[in-house]
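Peer 1: Starting off with a structure, shown below.
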Amino acid sequence: MMKRFILVIIMMISTFGIFSFTGNTTDAKRTSYASYYHDKFNGRKTASGEVFDNSKFTAANRTLPFGTNIKVTNLDNGKSVIVRVNDRGPYHSSRSLDMSKAAFDEIGNISHGTIPVEYEIVD
């Protein structure tokens with residue numbers, strides 16, 4: 001009887017531990033740098049199979065699933081935009097996002113190649 005009780009306690013602790021980790025991963029805000037796509041990528045296929053359009057509010061990320069909507073906030077001026085992940089990249093270690101030119105221009109100045117951002121998944 002005592003063994004069953006201990007087993008139940010261990011299972012409850014394990015369940016609550018897993019729940020606490022999964023809840024925090026989707027709500028986490030991340031900070032990094034973002035850049036934007038050059039015009040030469042217009043009309044080319046993205047990793048998701050979509051045709052890239054620099055006038056849409058899309059972005060590339062190495063790990064987030066395609067179709068994920070993320071809110072990107074410029075840490076310099078507080079402006080935000082919501083973009084949809086449709087590509088993989090960037091493949092530069094200091095950046096986490098490549099944004100379409102329209103999305104980048106909405107929150108930053110395209111005369112600067114990168115901006116510091118905070119991003120989070122939105123529903």
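Residues are referred to by chain and number: the chain letter is A, B, ... according to the order shown in the structure tokens, the number counts from 1 in that chain, and ligands are numbered separately from 1 in the order shown.
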Dump as JSON lines the rows for residues of stretch 48-95 of chain A within 8 Å of stretch 117-120 of chain A: closest atom pair and distance in Å with one decimal, only C-alpha atoms counted, ordered by chain and rising residue number.

Peer 2:
```
{"residue": "A:Ile70", "atom": "CA", "partner": "A:Glu120", "partner_atom": "CA", "distance": 5.4}
{"residue": "A:Lys71", "atom": "CA", "partner": "A:Glu120", "partner_atom": "CA", "distance": 5.4}
{"residue": "A:Val72", "atom": "CA", "partner": "A:Tyr119", "partner_atom": "CA", "distance": 4.4}
{"residue": "A:Thr73", "atom": "CA", "partner": "A:Glu118", "partner_atom": "CA", "distance": 5.2}
{"residue": "A:Asn74", "atom": "CA", "partner": "A:Val117", "partner_atom": "CA", "distance": 4.6}
{"residue": "A:Leu75", "atom": "CA", "partner": "A:Val117", "partner_atom": "CA", "distance": 5.2}
```

Peer 1: Would you list the contacts of stretch 76-87 of chain A as a ChimeraX atom specification, taking every protein, DNA or RNA residue within 10 Å and counting only C-alpha atoms, but skipping same-chain residues closer than 5 positions in sequence?

Peer 2: /A:45-52,56-71,97-100,103-108,115-122

Peer 1: Quick one: distance from atom CA of A:Arg95 to atom CA of A:Tyr37 in Å, one decimal?

Peer 2: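 Computing the Euclidean distance for atom CA of A:Arg95 and atom CA of A:Tyr37 yields 12.8 Å.
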
Peer 1: Figure out the distance between atom CA of A:Asp123 and atom CA of A:Ser93, please, to one decimal in Å.

Peer 2: 27.3 Å

Peer 1: Where in chain A does DSSP assign strand (DSSP E or B), given as a PyMOL selection string?

Peer 2: chain A and resi 30-36+45+51+58-60+69-74+80-87+97-99+114-122

Peer 1: Nearest to A:Ser111 among A:Ser35, A:Ile10, A:Lys40, A:Tyr91, with distances taken over only C-alpha atoms: which residue is it?

Peer 2: A:Ser35

Peer 1: Stretch 13-117 of chain A: which residues are alpha helix (DSSP H) by DSSP, as a PyMOL selection string?

Peer 2: chain A and resi 13-27+101-107
